[in-house]
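Structure file my_file12.tsv (TSV, C-alpha atoms) is printed below.
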```
chain	number	residue	atom	x	y	z
A	29	MET	CA	75.36	115.63	92.27
A	30	GLN	CA	76.75	119.02	93.25
A	31	SER	CA	80.27	118.85	94.58
A	32	ILE	CA	80.75	121.18	97.54
A	33	GLU	CA	84.30	121.72	98.72
A	34	ARG	CA	84.68	122.80	102.33
A	35	TYR	CA	87.51	124.98	103.59
A	36	LEU	CA	88.62	125.26	107.22
A	37	GLU	CA	86.20	128.17	107.76
A	38	ASP	CA	83.28	125.98	106.65
A	39	PHE	CA	83.78	123.45	109.44
A	40	GLU	CA	82.27	123.81	112.90
A	41	VAL	CA	82.41	121.67	116.02
A	42	GLY	CA	79.35	119.43	116.15
A	43	GLN	CA	78.77	119.17	112.38
A	44	LYS	CA	77.88	115.65	111.27
A	45	PHE	CA	78.32	113.98	107.91
A	46	SER	CA	76.94	110.70	106.58
A	47	SER	CA	78.05	108.25	103.91
A	48	GLY	CA	76.36	105.79	101.62
A	49	ARG	CA	76.43	102.04	102.32
A	50	LEU	CA	78.76	99.30	101.17
A	51	ARG	CA	78.19	95.55	101.51
A	52	VAL	CA	81.24	93.46	102.39
A	53	GLN	CA	81.37	90.18	100.47
A	54	LYS	CA	83.03	87.03	101.79
A	55	GLU	CA	85.36	86.79	98.78
A	56	GLN	CA	86.54	90.38	99.33
A	57	ILE	CA	87.33	89.60	102.98
A	58	LYS	CA	89.44	86.62	101.89
A	59	SER	CA	91.23	88.37	99.03
A	60	PHE	CA	92.14	91.43	101.12
A	61	ALA	CA	93.45	89.10	103.83
A	62	ALA	CA	95.46	87.02	101.36
A	63	GLU	CA	97.23	90.16	100.20
A	64	PHE	CA	97.65	92.08	103.46
A	65	ASP	CA	96.63	90.12	106.57
A	66	PRO	CA	97.06	86.40	105.91
A	67	GLN	CA	95.77	84.94	109.19
A	68	PRO	CA	93.33	82.00	109.55
A	69	PHE	CA	90.44	84.05	111.01
A	70	HIS	CA	90.43	86.30	107.91
A	71	LEU	CA	91.13	83.61	105.28
A	72	ASP	CA	89.16	80.44	105.91
A	73	ASP	CA	85.69	79.75	107.35
A	74	ASP	CA	86.59	76.44	109.01
A	75	ALA	CA	89.88	77.63	110.49
A	76	ALA	CA	88.21	80.81	111.74
A	77	ARG	CA	85.67	78.87	113.81
A	78	ASN	CA	88.32	77.75	116.30
A	79	THR	CA	89.83	81.20	116.83
A	80	MET	CA	89.00	84.15	119.09
A	81	PHE	CA	86.74	85.46	116.29
A	82	ARG	CA	84.50	82.32	116.21
A	83	GLY	CA	84.07	82.64	112.46
A	84	LEU	CA	85.36	84.50	109.43
A	85	ALA	CA	85.94	88.21	110.10
A	86	ALA	CA	87.36	91.03	107.97
A	87	SER	CA	90.83	92.33	108.76
A	88	GLY	CA	90.62	95.54	110.77
A	89	TRP	CA	92.68	97.15	108.00
A	90	HIS	CA	90.07	96.06	105.48
A	91	THR	CA	87.40	97.74	107.62
A	92	ALA	CA	89.61	100.84	107.82
A	93	ALA	CA	90.08	100.88	104.04
A	94	ILE	CA	86.33	100.46	103.40
A	95	THR	CA	85.71	103.27	105.88
A	96	MET	CA	88.06	105.50	103.88
A	97	LYS	CA	86.20	104.67	100.67
A	98	LEU	CA	82.86	105.59	102.30
A	99	LEU	CA	84.36	108.77	103.78
A	100	VAL	CA	85.82	109.94	100.44
A	101	GLU	CA	82.37	109.52	98.87
A	102	SER	CA	80.53	111.12	101.81
A	103	ASP	CA	79.51	114.78	102.05
A	104	LEU	CA	82.48	115.66	104.32
A	105	LYS	CA	84.46	116.90	101.25
A	106	PRO	CA	87.37	118.99	102.56
A	107	ALA	CA	88.90	121.14	99.80
A	108	GLY	CA	92.09	119.46	98.64
A	109	GLY	CA	90.86	116.02	99.66
A	110	ILE	CA	90.89	113.89	102.80
A	111	VAL	CA	94.46	114.06	104.06
A	112	GLY	CA	95.04	112.44	107.44
A	113	ALA	CA	97.71	113.95	109.71
A	114	GLY	CA	97.34	111.07	112.17
A	115	PHE	CA	94.97	109.34	114.54
A	116	ASP	CA	94.48	109.70	118.29
A	117	GLU	CA	92.36	106.57	118.46
A	118	LEU	CA	91.48	103.63	116.24
A	119	ARG	CA	89.61	100.55	117.43
A	120	TRP	CA	87.35	97.79	116.22
A	121	PRO	CA	84.66	97.07	118.87
A	122	LEU	CA	83.03	94.28	116.80
A	123	PRO	CA	84.20	92.11	113.90
A	124	VAL	CA	82.90	92.73	110.38
A	125	ARG	CA	81.26	89.56	109.02
A	126	PRO	CA	80.59	88.44	105.43
A	127	GLY	CA	77.48	90.19	104.12
A	128	ASP	CA	77.64	93.08	106.59
A	129	GLU	CA	76.54	96.42	105.16
A	130	LEU	CA	78.69	99.29	106.41
A	131	ARG	CA	78.14	103.03	106.57
A	132	VAL	CA	80.06	105.86	108.18
A	133	GLU	CA	79.02	108.74	110.43
A	134	SER	CA	81.56	111.47	111.08
A	135	GLU	CA	81.45	114.33	113.54
A	136	ILE	CA	83.70	117.39	113.81
A	137	LEU	CA	85.26	117.52	117.29
A	138	ASN	CA	87.69	120.40	116.87
A	139	VAL	CA	88.72	123.05	114.30
A	140	ARG	CA	92.00	124.96	114.51
A	141	THR	CA	94.41	126.97	112.37
A	142	SER	CA	97.93	125.62	111.96
A	143	LYS	CA	100.59	127.83	113.58
A	144	SER	CA	103.42	126.54	111.40
A	145	HIS	CA	101.38	126.55	108.15
A	146	PRO	CA	98.95	129.53	108.32
A	147	GLN	CA	97.47	128.66	104.92
A	148	GLN	CA	95.88	125.55	106.42
A	149	GLY	CA	94.35	124.11	109.54
A	150	LEU	CA	93.38	120.86	111.20
A	151	ILE	CA	89.97	119.40	111.92
A	152	LYS	CA	89.61	116.59	114.43
A	153	VAL	CA	86.97	114.14	113.25
A	154	ARG	CA	85.41	111.14	114.95
A	155	THR	CA	84.51	108.57	112.29
A	156	THR	CA	82.21	105.75	113.38
A	157	THR	CA	81.67	102.82	111.04
A	158	LEU	CA	78.36	101.06	111.67
A	159	ASN	CA	76.95	97.76	110.43
A	160	GLN	CA	73.38	97.08	109.29
A	161	ASN	CA	72.30	96.70	112.96
A	162	ASP	CA	73.72	100.16	113.79
A	163	GLU	CA	76.48	98.53	115.85
A	164	PRO	CA	79.89	100.26	115.69
A	165	VAL	CA	82.55	98.09	114.04
A	166	GLN	CA	85.21	100.82	113.96
A	167	VAL	CA	85.75	104.05	115.86
A	168	ALA	CA	88.51	106.37	114.69
A	169	VAL	CA	89.46	109.84	115.90
A	170	GLY	CA	91.75	111.47	113.39
A	171	ASN	CA	93.10	114.85	112.37
A	172	LEU	CA	92.67	116.04	108.80
A	173	VAL	CA	94.62	118.80	107.08
A	174	VAL	CA	92.22	121.34	105.50
A	175	PRO	CA	93.20	124.46	103.49
A	176	ARG	CA	91.96	127.90	104.56
A	177	LYS	CA	90.15	130.24	102.21
A	178	ALA	CA	92.52	132.59	100.37
A	179	LYS	CA	90.35	135.52	101.53
A	180	ALA	CA	90.97	134.79	105.22
A	181	LEU	CA	94.71	134.72	104.58
A	182	ARG	CA	94.69	137.98	102.60
A	183	SER	CA	92.95	139.94	105.36
A	184	GLU	CA	95.54	138.72	107.89
A	185	ASN	CA	98.42	139.82	105.69
A	186	SER	CA	97.03	143.27	104.89
B	6	MET	CA	111.67	77.95	108.94
B	7	GLN	CA	110.82	77.14	112.53
B	8	SER	CA	107.58	78.69	113.67
B	9	ILE	CA	107.84	79.98	117.24
B	10	GLU	CA	104.60	81.05	118.88
B	11	ARG	CA	104.91	83.51	121.73
B	12	TYR	CA	102.54	83.63	124.70
B	13	LEU	CA	102.07	86.62	127.00
B	14	GLU	CA	104.79	85.28	129.32
B	15	ASP	CA	107.27	85.28	126.43
B	16	PHE	CA	107.01	89.03	125.86
B	17	GLU	CA	109.09	91.60	127.73
B	18	VAL	CA	109.26	95.38	127.59
B	19	GLY	CA	112.08	96.44	125.29
B	20	GLN	CA	112.04	93.37	123.01
B	21	LYS	CA	112.41	94.26	119.34
B	22	PHE	CA	111.29	92.38	116.25
B	23	SER	CA	112.12	92.92	112.59
B	24	SER	CA	110.37	92.10	109.33
B	25	GLY	CA	111.44	91.38	105.79
B	26	ARG	CA	111.16	94.00	103.04
B	27	LEU	CA	108.45	94.72	100.52
B	28	ARG	CA	108.72	96.98	97.47
B	29	VAL	CA	105.66	99.11	96.68
B	30	GLN	CA	104.94	99.30	92.94
B	31	LYS	CA	103.23	102.24	91.27
B	32	GLU	CA	100.45	100.07	89.87
B	33	GLN	CA	99.69	98.69	93.36
B	34	ILE	CA	99.43	102.24	94.75
B	35	LYS	CA	96.93	103.13	92.03
B	36	SER	CA	94.85	99.95	92.27
B	37	PHE	CA	94.58	100.13	96.09
B	38	ALA	CA	93.52	103.76	95.77
B	39	ALA	CA	90.97	103.00	93.06
B	40	GLU	CA	89.30	100.48	95.37
B	41	PHE	CA	89.60	102.23	98.75
B	42	ASP	CA	90.94	105.79	98.57
B	43	PRO	CA	90.07	107.30	95.17
B	44	GLN	CA	91.74	110.70	95.46
B	45	PRO	CA	93.94	112.38	92.79
B	46	PHE	CA	97.20	112.24	94.79
B	47	HIS	CA	96.91	108.42	95.05
B	48	LEU	CA	95.56	107.74	91.54
B	49	ASP	CA	97.31	109.79	88.91
B	50	ASP	CA	100.89	111.07	88.50
B	51	ASP	CA	99.98	114.32	86.76
B	52	ALA	CA	97.10	115.23	89.05
B	53	ALA	CA	99.23	114.39	92.11
B	54	ARG	CA	101.90	116.95	91.16
B	55	ASN	CA	99.58	119.86	91.95
B	56	THR	CA	98.49	118.59	95.37
B	57	MET	CA	99.95	118.81	98.89
B	58	PHE	CA	101.81	115.55	98.13
B	59	ARG	CA	103.74	117.00	95.13
B	60	GLY	CA	103.57	113.63	93.36
B	61	LEU	CA	101.96	110.21	93.53
B	62	ALA	CA	101.84	108.80	97.08
B	63	ALA	CA	100.36	105.64	98.55
B	64	SER	CA	97.17	105.90	100.61
B	65	GLY	CA	98.01	105.83	104.32
B	66	TRP	CA	95.67	102.82	104.56
B	67	HIS	CA	97.74	101.08	101.91
B	68	THR	CA	100.87	101.73	104.00
B	69	ALA	CA	99.00	100.42	107.06
B	70	ALA	CA	97.92	97.28	105.18
B	71	ILE	CA	101.46	96.63	103.89
B	72	THR	CA	102.73	97.13	107.45
B	73	MET	CA	100.29	94.46	108.64
B	74	LYS	CA	101.53	92.05	105.96
B	75	LEU	CA	105.15	92.63	107.04
B	76	LEU	CA	104.20	92.29	110.72
B	77	VAL	CA	102.34	88.99	110.19
B	78	GLU	CA	105.43	87.60	108.45
B	79	SER	CA	107.87	89.03	111.02
B	80	ASP	CA	109.24	87.16	114.05
B	81	LEU	CA	106.77	88.84	116.47
B	82	LYS	CA	104.45	85.78	116.21
B	83	PRO	CA	101.97	86.01	119.11
B	84	ALA	CA	100.22	82.65	119.72
B	85	GLY	CA	96.75	82.89	118.23
B	86	GLY	CA	97.81	85.50	115.67
B	87	ILE	CA	98.09	89.27	115.56
B	88	VAL	CA	94.80	90.56	116.93
B	89	GLY	CA	94.62	94.30	117.47
B	90	ALA	CA	92.52	95.64	120.34
B	91	GLY	CA	93.01	99.19	119.15
B	92	PHE	CA	95.57	101.91	118.57
B	93	ASP	CA	96.70	104.81	120.73
B	94	GLU	CA	98.53	106.46	117.85
B	95	LEU	CA	98.76	106.12	114.09
B	96	ARG	CA	100.52	108.61	111.84
B	97	TRP	CA	102.29	108.89	108.53
B	98	PRO	CA	105.30	111.25	108.87
B	99	LEU	CA	106.32	110.88	105.19
B	100	PRO	CA	104.52	109.73	102.04
B	101	VAL	CA	105.27	106.33	100.51
B	102	ARG	CA	106.39	106.77	96.88
B	103	PRO	CA	106.36	104.32	93.95
B	104	GLY	CA	109.36	101.99	94.24
B	105	ASP	CA	109.86	102.51	97.98
B	106	GLU	CA	110.99	99.40	99.83
B	107	LEU	CA	109.36	99.10	103.23
B	108	ARG	CA	110.26	97.16	106.36
B	109	VAL	CA	108.88	97.14	109.89
B	110	GLU	CA	110.53	97.37	113.30
B	111	SER	CA	108.38	96.67	116.33
B	112	GLU	CA	109.16	97.19	120.01
B	113	ILE	CA	107.26	95.96	123.07
B	114	LEU	CA	106.30	98.95	125.25
B	115	ASN	CA	104.10	97.23	127.85
B	116	VAL	CA	102.90	93.74	128.87
B	117	ARG	CA	99.90	93.16	131.11
B	118	THR	CA	97.36	90.50	132.06
B	119	SER	CA	93.71	91.20	131.31
B	120	LYS	CA	91.57	91.58	134.43
B	121	SER	CA	88.32	90.72	132.67
B	122	HIS	CA	89.80	87.80	130.64
B	123	PRO	CA	92.48	86.14	132.82
B	124	GLN	CA	93.33	83.62	130.07
B	125	GLN	CA	94.82	86.42	128.01
B	126	GLY	CA	96.69	89.68	128.18
B	127	LEU	CA	97.64	92.73	126.19
B	128	ILE	CA	100.96	93.85	124.78
B	129	LYS	CA	101.47	97.43	123.70
B	130	VAL	CA	103.65	97.53	120.59
B	131	ARG	CA	105.19	100.45	118.70
B	132	THR	CA	105.43	99.53	115.03
B	133	THR	CA	107.61	101.76	112.87
B	134	THR	CA	107.49	101.33	109.10
B	135	LEU	CA	110.68	102.51	107.41
B	136	ASN	CA	111.58	103.14	103.79
B	137	GLN	CA	114.85	102.24	102.04
B	138	ASN	CA	116.46	105.41	103.47
B	139	ASP	CA	115.51	104.36	107.03
B	140	GLU	CA	112.99	107.21	107.20
B	141	PRO	CA	109.76	106.44	109.11
B	142	VAL	CA	106.69	106.47	106.85
B	143	GLN	CA	104.31	105.17	109.52
B	144	VAL	CA	104.38	105.06	113.32
B	145	ALA	CA	101.68	103.06	115.10
B	146	VAL	CA	101.25	102.29	118.78
B	147	GLY	CA	98.75	99.51	119.21
B	148	ASN	CA	97.56	96.96	121.72
B	149	LEU	CA	97.52	93.29	120.78
B	150	VAL	CA	95.57	90.53	122.51
B	151	VAL	CA	97.89	87.62	123.42
B	152	PRO	CA	96.89	84.33	125.12
B	153	ARG	CA	98.59	83.25	128.36
B	154	LYS	CA	100.21	79.88	128.79
B	155	ALA	CA	97.81	77.26	130.18
B	156	LYS	CA	100.41	76.46	132.85
B	157	ALA	CA	100.33	79.98	134.28
B	158	LEU	CA	96.54	79.80	134.52
B	159	ARG	CA	96.54	76.38	136.22
B	160	SER	CA	98.90	77.49	138.98
B	161	GLU	CA	96.68	80.50	139.75
B	162	ASN	CA	93.59	78.30	139.99
B	163	SER	CA	95.16	75.62	142.22
```
Turn this file's structure into structure tokens for me.
Amino acid sequence: MQSIERYLEDFEVGQKFSSGRLRVQKEQIKSFAAEFDPQPFHLDDDAARNTMFRGLAASGWHTAAITMKLLVESDLKPAGGIVGAGFDELRWPLPVRPGDELRVESEILNVRTSKSHPQQGLIKVRTTTLNQNDEPVQVAVGNLVVPRKAKALRSENS
Amino acid sequence: MQSIERYLEDFEVGQKFSSGRLRVQKEQIKSFAAEFDPQPFHLDDDAARNTMFRGLAASGWHTAAITMKLLVESDLKPAGGIVGAGFDELRWPLPVRPGDELRVESEILNVRTSKSHPQQGLIKVRTTTLNQNDEPVQVAVGNLVVPRKAKALRSENS
């Protein structure tokens, strides 16, 4: 696979990027929860049935972490890596269930040069995580730090 | 330890809750990254030195997951568990380094009854994750779903 690295100048509002798919196994849901989110609805099938979730569901942070994995392996590929400066929005419209197969669609919402760090910029990206029925299980709007091309900087300084 | 469960009526704007502490080991940073955020600055000391992070740093999603663990074990204790309806803000002002010891302070910013689900409400909580130098490594403002007391509901329906 060819590895394309994108600089700030390579991103445009409206561009969309897709990921591969990842199946979430019941044992992974339970082991992530045991380590990071030890609550009945993430840990135990029987206990989960009597909660707001009406059955075992992945921790939202597990969904977020899986989303990151899919995003890193997707064709978004900012030069220097995926470095989040922060999120304006993060929500989980539907629970992730054992056996769900997740994928990520991301769309560029904004591209701007940093005033304080002219060698880089920020792209605002909406990342939607979908299950096998194309239902969104996570929607995140975040800002990523992306380096500018050295050429663009040189022409400004000349 | 006595387990106090708090209902919507038990929360007030301005209340603060604290967590215990958790030390982040280098091997945990690398293993989380290998599974969920496989990028050089989270995986390898040498490779990390030449990146924006200037050394190995935990994935922001690892920091978020550790924050959740500390929050679940803190004295916040909403009845029915910590169930996030979504975040208005999530950012990582400083990287988490190997050996950092994290703790969480949370503050109630808003308390309101749900119009669509009168048996529950929402609390808006600012959760600040601090390192051993009391520097914030994560700031999150999220909304949690909290059940109301049955008594409050009965008096409205009578």
May I have the residues of chain A within 7 Å of chain B, counting all atoms listed in the file, written as a PDB file with C-alpha atoms, in the coordinates of the input?
```pdb
ATOM      1  CA  PHE A  64      97.650  92.080 103.460  1.00  0.00           C
ATOM      2  CA  ASP A  65      96.630  90.120 106.570  1.00  0.00           C
ATOM      3  CA  GLN A  67      95.770  84.940 109.190  1.00  0.00           C
ATOM      4  CA  TRP A  89      92.680  97.150 108.000  1.00  0.00           C
ATOM      5  CA  ALA A  93      90.080 100.880 104.040  1.00  0.00           C
ATOM      6  CA  ILE A  94      86.330 100.460 103.400  1.00  0.00           C
ATOM      7  CA  MET A  96      88.060 105.500 103.880  1.00  0.00           C
ATOM      8  CA  LYS A  97      86.200 104.670 100.670  1.00  0.00           C
ATOM      9  CA  VAL A 100      85.820 109.940 100.440  1.00  0.00           C
ATOM     10  CA  GLY A 109      90.860 116.020  99.660  1.00  0.00           C
ATOM     11  CA  ALA A 113      97.710 113.950 109.710  1.00  0.00           C
ATOM     12  CA  GLY A 114      97.340 111.070 112.170  1.00  0.00           C
ATOM     13  CA  PHE A 115      94.970 109.340 114.540  1.00  0.00           C
ATOM     14  CA  ASP A 116      94.480 109.700 118.290  1.00  0.00           C
ATOM     15  CA  GLU A 117      92.360 106.570 118.460  1.00  0.00           C
ATOM     16  CA  LEU A 118      91.480 103.630 116.240  1.00  0.00           C
ATOM     17  CA  ARG A 119      89.610 100.550 117.430  1.00  0.00           C
ATOM     18  CA  TRP A 120      87.350  97.790 116.220  1.00  0.00           C
TER      19      TRP A 120
END
```
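Among the candidate residues A:Gln160, A:Ser142, A:Ser102, A:Gln43, the one lying nearest to Arg125 of chain A is A:Gln160, with distances computed using all atoms listed in the file.
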Axis-aligned box over every listed atom of segment 49-68 of chain A, padded by 3 Å per side: centre and edges in Å to one decimal, as JSON?
```
{"center_x": 87.0, "center_y": 92.0, "center_z": 104.2, "size_x": 27.2, "size_y": 26.0, "size_z": 16.8}
```
Work out how far apart atom CA of Ser47 of chain A and atom CA of Asn55 of chain B are and give it in Å to one decimal. 27.2 Å
Pairwise distance, atom CA of Ala63 of chain B with atom CA of Thr156 of chain A, equals 23.4 Å
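Atom CA of Lys152 of chain A sits 15.7 Å away from atom CA of Val132 of chain A.
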For Asp80 of chain B, which of B:Ser23, B:Gln125, B:Asn138, B:Gln30 is the closest residue, counting all atoms listed in the file?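 Result for the nearest residue to Asp80 of chain B: B:Ser23.
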Near Arg26 of chain B, counting all atoms listed in the file, which residues have an atom at most 7 Å away, once you skip same-chain residues fewer than 5 positions from it, shown as a ChimeraX atom specification? /B:106-108
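Minimum atom-to-atom distances from B:Leu81, B:Ala155, B:Leu135, B:Val101 to Phe16 of chain B were compared using only C-alpha atoms, and the lowest value belongs to B:Leu81.
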Residues within 12 Å of (100.4, 77.7, 125.7), file coords, only C-alpha atoms, listed as a PDB file with C-alpha atoms, in the frame of the given file:
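Saved to out.pdb:
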```
ATOM      1  CA  ILE B   9     107.840  79.980 117.240  1.00  0.00           C
ATOM      2  CA  GLU B  10     104.600  81.050 118.880  1.00  0.00           C
ATOM      3  CA  ARG B  11     104.910  83.510 121.730  1.00  0.00           C
ATOM      4  CA  TYR B  12     102.540  83.630 124.700  1.00  0.00           C
ATOM      5  CA  LEU B  13     102.070  86.620 127.000  1.00  0.00           C
ATOM      6  CA  GLU B  14     104.790  85.280 129.320  1.00  0.00           C
ATOM      7  CA  ASP B  15     107.270  85.280 126.430  1.00  0.00           C
ATOM      8  CA  PRO B  83     101.970  86.010 119.110  1.00  0.00           C
ATOM      9  CA  ALA B  84     100.220  82.650 119.720  1.00  0.00           C
ATOM     10  CA  GLY B  85      96.750  82.890 118.230  1.00  0.00           C
ATOM     11  CA  GLN B 124      93.330  83.620 130.070  1.00  0.00           C
ATOM     12  CA  GLN B 125      94.820  86.420 128.010  1.00  0.00           C
ATOM     13  CA  VAL B 151      97.890  87.620 123.420  1.00  0.00           C
ATOM     14  CA  PRO B 152      96.890  84.330 125.120  1.00  0.00           C
ATOM     15  CA  ARG B 153      98.590  83.250 128.360  1.00  0.00           C
ATOM     16  CA  LYS B 154     100.210  79.880 128.790  1.00  0.00           C
ATOM     17  CA  ALA B 155      97.810  77.260 130.180  1.00  0.00           C
ATOM     18  CA  LYS B 156     100.410  76.460 132.850  1.00  0.00           C
ATOM     19  CA  ALA B 157     100.330  79.980 134.280  1.00  0.00           C
ATOM     20  CA  LEU B 158      96.540  79.800 134.520  1.00  0.00           C
ATOM     21  CA  ARG B 159      96.540  76.380 136.220  1.00  0.00           C
TER      22      ARG B 159
END
```
Selected residue, from A:Glu163, A:Asn138, A:Pro146, A:Thr155, that lies nearest to Glu40 of chain A when counting all atoms listed in the file: A:Asn138
